[in-house]
$ cat data.csv   # CSV, N, CA and C atoms
chain,number,residue,atom,x,y,z
A,1,MET,N,-103.2,-55.9,-57.6
A,1,MET,CA,-103.9,-56.9,-58.4
A,1,MET,C,-103.2,-57.1,-59.7
A,2,LEU,N,-102.8,-56.0,-60.4
A,2,LEU,CA,-102.2,-56.1,-61.7
A,2,LEU,C,-100.9,-57.0,-61.6
A,3,GLY,N,-100.1,-56.8,-60.6
A,3,GLY,CA,-98.9,-57.6,-60.5
A,3,GLY,C,-99.2,-59.1,-60.3
A,4,SER,N,-100.2,-59.4,-59.5
A,4,SER,CA,-100.6,-60.8,-59.3
A,4,SER,C,-101.2,-61.4,-60.6
A,5,LEU,N,-101.9,-60.6,-61.3
A,5,LEU,CA,-102.4,-61.1,-62.6
A,5,LEU,C,-101.3,-61.4,-63.6
A,6,ARG,N,-100.3,-60.4,-63.6
A,6,ARG,CA,-99.2,-60.6,-64.5
A,6,ARG,C,-98.4,-61.9,-64.1
A,7,TYR,N,-98.3,-62.1,-62.8
A,7,TYR,CA,-97.6,-63.3,-62.3
A,7,TYR,C,-98.3,-64.6,-62.8
A,8,CYS,N,-99.6,-64.6,-62.6
A,8,CYS,CA,-100.4,-65.8,-63.1
A,8,CYS,C,-100.3,-66.0,-64.6
A,9,VAL,N,-100.3,-65.0,-65.3
A,9,VAL,CA,-100.2,-65.1,-66.8
A,9,VAL,C,-98.8,-65.5,-67.2
A,10,ASN,N,-97.8,-64.9,-66.7
A,10,ASN,CA,-96.4,-65.1,-67.2
A,10,ASN,C,-95.6,-66.2,-66.5
A,11,GLU,N,-96.0,-66.7,-65.4
A,11,GLU,CA,-95.2,-67.7,-64.7
A,11,GLU,C,-95.9,-69.1,-64.7
A,12,SER,N,-96.0,-69.6,-66.0
A,12,SER,CA,-96.7,-70.8,-66.1
A,12,SER,C,-96.1,-72.0,-65.4
A,13,ASP,N,-94.8,-71.9,-65.1
A,13,ASP,CA,-94.1,-73.0,-64.5
A,13,ASP,C,-94.4,-73.0,-63.0
A,14,LYS,N,-95.1,-72.0,-62.5
A,14,LYS,CA,-95.3,-71.9,-61.0
A,14,LYS,C,-96.8,-72.0,-60.8
A,15,ASP,N,-97.4,-73.2,-61.2
A,15,ASP,CA,-98.8,-73.4,-61.1
A,15,ASP,C,-99.4,-73.3,-59.7
A,16,GLU,N,-98.7,-73.7,-58.7
A,16,GLU,CA,-99.3,-73.7,-57.4
A,16,GLU,C,-99.6,-72.3,-56.9
A,17,ALA,N,-98.7,-71.4,-57.2
A,17,ALA,CA,-98.9,-70.0,-56.8
A,17,ALA,C,-100.1,-69.4,-57.6
A,18,GLY,N,-100.1,-69.7,-58.9
A,18,GLY,CA,-101.2,-69.3,-59.8
A,18,GLY,C,-102.5,-69.8,-59.3
A,19,LYS,N,-102.6,-71.1,-59.0
A,19,LYS,CA,-103.8,-71.7,-58.5
A,19,LYS,C,-104.3,-71.0,-57.2
A,20,ALA,N,-103.4,-70.6,-56.4
A,20,ALA,CA,-103.7,-70.0,-55.1
A,20,ALA,C,-104.2,-68.6,-55.3
A,21,MET,N,-103.6,-67.8,-56.2
A,21,MET,CA,-103.9,-66.4,-56.4
A,21,MET,C,-105.1,-66.1,-57.3
A,22,PHE,N,-105.2,-66.9,-58.4
A,22,PHE,CA,-106.1,-66.5,-59.5
A,22,PHE,C,-107.6,-66.4,-59.1
A,23,PRO,N,-108.1,-67.4,-58.3
A,23,PRO,CA,-109.5,-67.3,-58.0
A,23,PRO,C,-109.8,-66.0,-57.1
A,24,GLY,N,-108.9,-65.7,-56.2
A,24,GLY,CA,-109.1,-64.4,-55.5
A,24,GLY,C,-109.1,-63.2,-56.3
A,25,LEU,N,-108.2,-63.2,-57.3
A,25,LEU,CA,-108.2,-62.1,-58.3
A,25,LEU,C,-109.5,-62.0,-59.1
A,26,MET,N,-110.0,-63.1,-59.5
A,26,MET,CA,-111.3,-63.1,-60.2
A,26,MET,C,-112.4,-62.5,-59.4
A,27,ARG,N,-112.4,-62.9,-58.1
A,27,ARG,CA,-113.4,-62.4,-57.2
A,27,ARG,C,-113.3,-60.8,-57.1
A,28,LEU,N,-112.1,-60.3,-57.0
A,28,LEU,CA,-111.9,-58.9,-56.8
A,28,LEU,C,-112.1,-58.1,-58.1
A,29,MET,N,-111.5,-58.7,-59.2
A,29,MET,CA,-111.6,-57.9,-60.5
A,29,MET,C,-112.9,-58.1,-61.2
A,30,TRP,N,-113.5,-59.3,-61.2
A,30,TRP,CA,-114.6,-59.5,-62.0
A,30,TRP,C,-115.8,-60.1,-61.2
A,31,ASN,N,-115.9,-59.7,-60.0
A,31,ASN,CA,-117.0,-60.1,-59.1
A,31,ASN,C,-117.3,-61.6,-59.1
A,32,GLY,N,-116.2,-62.4,-59.1
A,32,GLY,CA,-116.4,-63.8,-58.9
A,32,GLY,C,-116.8,-64.6,-60.1
A,33,THR,N,-116.6,-64.0,-61.3
A,33,THR,CA,-117.0,-64.8,-62.5
A,33,THR,C,-116.3,-66.1,-62.5
A,34,LYS,N,-116.9,-67.1,-63.2
A,34,LYS,CA,-116.3,-68.4,-63.2
A,34,LYS,C,-115.8,-68.7,-64.6
A,35,TYR,N,-115.7,-67.8,-65.5
A,35,TYR,CA,-115.2,-68.0,-66.9
A,35,TYR,C,-114.2,-66.9,-67.2
A,36,VAL,N,-113.1,-67.3,-67.6
A,36,VAL,CA,-112.0,-66.3,-67.9
A,36,VAL,C,-112.3,-65.5,-69.1
A,37,ARG,N,-112.7,-66.1,-70.2
A,37,ARG,CA,-112.9,-65.3,-71.5
A,37,ARG,C,-114.1,-64.5,-71.5
A,38,GLU,N,-115.1,-64.8,-70.8
A,38,GLU,CA,-116.4,-64.1,-70.9
A,38,GLU,C,-116.4,-62.8,-70.2
A,39,ARG,N,-115.4,-62.4,-69.4
A,39,ARG,CA,-115.5,-61.2,-68.6
A,39,ARG,C,-114.3,-60.4,-68.5
A,40,GLY,N,-114.0,-59.5,-69.5
A,40,GLY,CA,-113.0,-58.6,-69.3
A,40,GLY,C,-111.6,-59.0,-69.6
A,41,PHE,N,-111.4,-60.3,-69.8
A,41,PHE,CA,-110.0,-60.8,-70.1
A,41,PHE,C,-109.9,-60.8,-71.6
A,42,THR,N,-109.3,-59.8,-72.2
A,42,THR,CA,-109.3,-59.7,-73.7
A,42,THR,C,-107.8,-59.8,-74.1
A,43,LEU,N,-107.6,-60.7,-75.0
A,43,LEU,CA,-106.3,-60.9,-75.6
A,43,LEU,C,-106.2,-60.0,-76.9
A,44,ARG,N,-105.1,-59.4,-77.1
A,44,ARG,CA,-104.9,-58.6,-78.3
A,44,ARG,C,-103.7,-59.1,-79.1
A,45,PRO,N,-103.8,-59.3,-80.3
A,45,PRO,CA,-104.9,-59.0,-81.2
A,45,PRO,C,-106.0,-60.1,-81.0
A,46,GLU,N,-107.2,-59.7,-81.3
A,46,GLU,CA,-108.3,-60.6,-81.1
A,46,GLU,C,-108.2,-61.8,-82.1
A,47,VAL,N,-107.9,-61.4,-83.4
A,47,VAL,CA,-107.8,-62.5,-84.4
A,47,VAL,C,-106.3,-62.7,-84.6
A,48,VAL,N,-105.9,-63.9,-84.2
A,48,VAL,CA,-104.5,-64.3,-84.3
A,48,VAL,C,-104.3,-65.2,-85.5
A,49,LEU,N,-103.5,-64.8,-86.5
A,49,LEU,CA,-103.3,-65.6,-87.7
A,49,LEU,C,-102.3,-66.7,-87.5
A,50,SER,N,-101.3,-66.4,-86.7
A,50,SER,CA,-100.3,-67.4,-86.5
A,50,SER,C,-100.8,-68.6,-85.6
A,51,ARG,N,-100.6,-69.8,-86.2
A,51,ARG,CA,-101.1,-71.0,-85.4
A,51,ARG,C,-100.3,-71.1,-84.1
A,52,ARG,N,-99.1,-70.8,-84.1
A,52,ARG,CA,-98.2,-70.9,-82.9
A,52,ARG,C,-98.8,-69.9,-81.8
A,53,TYR,N,-99.0,-68.7,-82.1
A,53,TYR,CA,-99.5,-67.7,-81.1
A,53,TYR,C,-101.0,-68.0,-80.7
A,54,ARG,N,-101.8,-68.5,-81.7
A,54,ARG,CA,-103.1,-68.9,-81.3
A,54,ARG,C,-103.1,-70.0,-80.3
A,55,GLN,N,-102.2,-71.0,-80.5
A,55,GLN,CA,-102.1,-72.1,-79.6
A,55,GLN,C,-101.6,-71.5,-78.2
A,56,GLU,N,-100.7,-70.6,-78.2
A,56,GLU,CA,-100.3,-70.0,-76.9
A,56,GLU,C,-101.4,-69.3,-76.2
A,57,TYR,N,-102.2,-68.6,-76.9
A,57,TYR,CA,-103.4,-67.9,-76.3
A,57,TYR,C,-104.3,-68.9,-75.7
A,58,ASN,N,-104.6,-70.0,-76.5
A,58,ASN,CA,-105.6,-71.0,-76.0
A,58,ASN,C,-105.0,-71.7,-74.8
A,59,GLU,N,-103.7,-72.0,-74.8
A,59,GLU,CA,-103.1,-72.7,-73.6
A,59,GLU,C,-103.2,-71.8,-72.4
A,60,LEU,N,-103.0,-70.5,-72.6
A,60,LEU,CA,-103.1,-69.5,-71.4
A,60,LEU,C,-104.5,-69.5,-70.9
A,61,VAL,N,-105.5,-69.4,-71.7
A,61,VAL,CA,-106.9,-69.3,-71.3
A,61,VAL,C,-107.2,-70.6,-70.6
A,62,GLU,N,-106.8,-71.8,-71.1
A,62,GLU,CA,-107.1,-73.1,-70.5
A,62,GLU,C,-106.4,-73.2,-69.2
A,63,ARG,N,-105.2,-72.7,-69.0
A,63,ARG,CA,-104.5,-72.7,-67.7
A,63,ARG,C,-105.2,-71.9,-66.7
A,64,LEU,N,-105.6,-70.7,-67.1
A,64,LEU,CA,-106.3,-69.8,-66.1
A,64,LEU,C,-107.6,-70.3,-65.8
A,65,GLN,N,-108.3,-70.9,-66.8
A,65,GLN,CA,-109.6,-71.4,-66.5
A,65,GLN,C,-109.5,-72.7,-65.6
A,66,GLY,N,-108.4,-73.4,-65.8
A,66,GLY,CA,-108.1,-74.5,-64.9
A,66,GLY,C,-107.9,-74.1,-63.5
A,67,TYR,N,-107.3,-73.0,-63.2
A,67,TYR,CA,-107.1,-72.5,-61.9
A,67,TYR,C,-108.5,-72.2,-61.2
A,68,LEU,N,-109.4,-71.7,-62.0
A,68,LEU,CA,-110.8,-71.4,-61.5
A,68,LEU,C,-111.5,-72.7,-61.2
A,69,ASP,N,-111.4,-73.6,-62.2
A,69,ASP,CA,-112.1,-74.9,-62.1
A,69,ASP,C,-111.6,-75.7,-60.9
A,70,ALA,N,-110.3,-75.7,-60.6
A,70,ALA,CA,-109.8,-76.4,-59.5
A,70,ALA,C,-110.4,-75.8,-58.2
A,71,GLU,N,-110.5,-74.5,-58.1
A,71,GLU,CA,-111.1,-73.8,-57.0
A,71,GLU,C,-112.6,-74.2,-56.7
A,72,LEU,N,-113.3,-74.3,-57.8
A,72,LEU,CA,-114.7,-74.7,-57.8
A,72,LEU,C,-114.9,-76.1,-57.3
A,73,LYS,N,-113.9,-77.0,-57.6
A,73,LYS,CA,-114.0,-78.4,-57.2
A,73,LYS,C,-113.7,-78.7,-55.7
A,74,GLN,N,-113.0,-77.7,-55.1
A,74,GLN,CA,-112.7,-77.9,-53.7
A,74,GLN,C,-113.9,-77.8,-52.8
A,75,PRO,N,-114.0,-78.6,-51.7
A,75,PRO,CA,-115.1,-78.5,-50.8
A,75,PRO,C,-115.1,-77.2,-50.1
A,76,ALA,N,-116.2,-76.6,-49.8
A,76,ALA,CA,-116.3,-75.3,-49.1
A,76,ALA,C,-116.1,-75.4,-47.7

$ encode --input "data.csv" --output "C-alpha coordinates"
Amino acid sequence: MLGSLRYCVNESDKDEAGKAMFPGLMRLMWNGTKYVRERGFTLRPEVVLSRRYRQEYNELVERLQGYLDAELKQPA
(Lines of atoms letter the chains of each structure in order from A and count residues from 1; the text may use other names and numbers.)
(Lines give C-alpha, C1' and ligand atoms only; values in the text may rest on other atoms or scores of the structure.)
Protein backbone atom coordinates (compact mmCIF):
# COMPACT_ATOMS: atom_id res chain seq x y z
CA MET A 1 0.00 0.00 0.00
CA LEU A 2 2.76 2.41 0.87
CA GLY A 3 4.42 1.94 -2.52
CA SER A 4 1.12 2.57 -4.29
CA LEU A 5 0.51 5.70 -2.25
CA ARG A 6 4.04 6.90 -3.03
CA TYR A 7 3.35 6.32 -6.72
CA CYS A 8 0.10 8.31 -6.60
CA VAL A 9 1.80 11.20 -4.80
CA ASN A 10 5.04 11.34 -6.79
CA GLU A 11 3.97 10.43 -10.32
CA SER A 12 1.71 13.34 -11.18
CA ASP A 13 2.29 12.85 -14.91
CA LYS A 14 0.76 9.36 -14.75
CA ASP A 15 -2.78 10.33 -13.80
CA GLU A 16 -4.49 7.27 -15.27
CA ALA A 17 -2.63 4.91 -12.97
CA GLY A 18 -3.21 7.21 -9.99
CA LYS A 19 -6.92 7.43 -10.73
CA ALA A 20 -7.09 3.65 -10.90
CA MET A 21 -5.14 3.01 -7.69
CA PHE A 22 -6.02 5.80 -5.30
CA PRO A 23 -9.69 5.06 -4.55
CA GLY A 24 -8.79 1.45 -3.66
CA LEU A 25 -6.02 2.70 -1.40
CA MET A 26 -8.43 5.00 0.38
CA ARG A 27 -10.80 2.10 0.96
CA LEU A 28 -8.00 0.01 2.44
CA MET A 29 -6.17 2.67 4.41
CA TRP A 30 -8.95 4.94 5.59
CA ASN A 31 -12.06 2.80 5.43
CA GLY A 32 -13.42 4.40 2.28
CA THR A 33 -13.26 8.04 3.30
CA LYS A 34 -14.19 10.48 0.56
CA TYR A 35 -11.94 13.36 1.65
CA VAL A 36 -8.16 13.33 1.43
CA ARG A 37 -7.28 15.96 4.02
CA GLU A 38 -9.80 14.99 6.65
CA ARG A 39 -8.43 11.52 7.40
CA GLY A 40 -4.84 10.72 8.17
CA PHE A 41 -3.22 12.41 5.19
CA THR A 42 -0.95 14.85 6.95
CA LEU A 43 1.56 17.00 5.15
CA ARG A 44 4.61 18.19 7.02
CA PRO A 45 5.31 20.85 7.90
CA GLU A 46 1.72 21.75 8.63
CA VAL A 47 2.34 25.48 8.23
CA VAL A 48 4.13 26.20 4.98
CA LEU A 49 5.54 29.69 4.75
CA SER A 50 6.81 29.44 1.19
CA ARG A 51 4.12 30.30 -1.34
CA ARG A 52 5.70 27.91 -3.88
CA TYR A 53 5.60 24.91 -1.54
CA ARG A 54 2.15 25.79 -0.23
CA GLN A 55 0.95 25.80 -3.84
CA GLU A 56 2.56 22.39 -4.42
CA TYR A 57 0.81 21.01 -1.32
CA ASN A 58 -2.53 22.39 -2.50
CA GLU A 59 -2.05 20.99 -6.00
CA LEU A 60 -1.21 17.55 -4.58
CA VAL A 61 -4.29 17.49 -2.35
CA GLU A 62 -6.48 18.70 -5.23
CA ARG A 63 -5.09 16.01 -7.54
CA LEU A 64 -5.62 13.22 -5.02
CA GLN A 65 -9.08 14.52 -4.18
CA GLY A 66 -9.79 14.61 -7.91
CA TYR A 67 -8.96 10.89 -8.12
CA LEU A 68 -11.59 10.21 -5.46
CA ASP A 69 -14.15 12.54 -7.00
CA ALA A 70 -13.75 10.86 -10.40
CA GLU A 71 -14.38 7.48 -8.76
CA LEU A 72 -17.54 8.80 -7.07
CA LYS A 73 -18.93 10.11 -10.38
CA GLN A 74 -18.64 6.74 -12.13
CA PRO A 75 -21.85 4.69 -12.26
CA ALA A 76 -21.88 1.70 -9.93

$ closest_residue --input "data.csv" --among "A:Glu16, A:Val9, A:Leu2, A:Met21" --to "Leu60 of chain A" --atoms "all atoms listed in the file"
A:Val9

$ atom_distance --input "data.csv" --atom1 "atom CA of Tyr53 of chain A" --atom2 "atom C of Leu25 of chain A"
24.8 Å

$ select_by_dssp --input "data.csv" --residues "chain A" --states "helix (DSSP H, G or I)" --output "MDAnalysis selection string"
chainID A and resid 2:10 15:30 51:73

$ residues_around --input "data.csv" --residues "Cys8 of chain A" --least-positions-apart "4" --cutoff "7 Å" --atoms "all atoms listed in the file" --output "NGL selection string"
:A and (3-4 or 12 or 17-18 or 22)

$ atom_distance --input "data.csv" --atom1 "atom C of Gly24 of chain A" --atom2 "atom N of Lys73 of chain A"
14.7 Å

$ closest_residue --input "data.csv" --among "A:Gln55, A:Ser50, A:Gln65, A:Asn10" --to "Pro23 of chain A" --atoms "only C-alpha atoms"
A:Gln65

$ atom_distance --input "data.csv" --atom1 "atom CA of Gly66 of chain A" --atom2 "atom CA of Trp30 of chain A"
16.6 Å
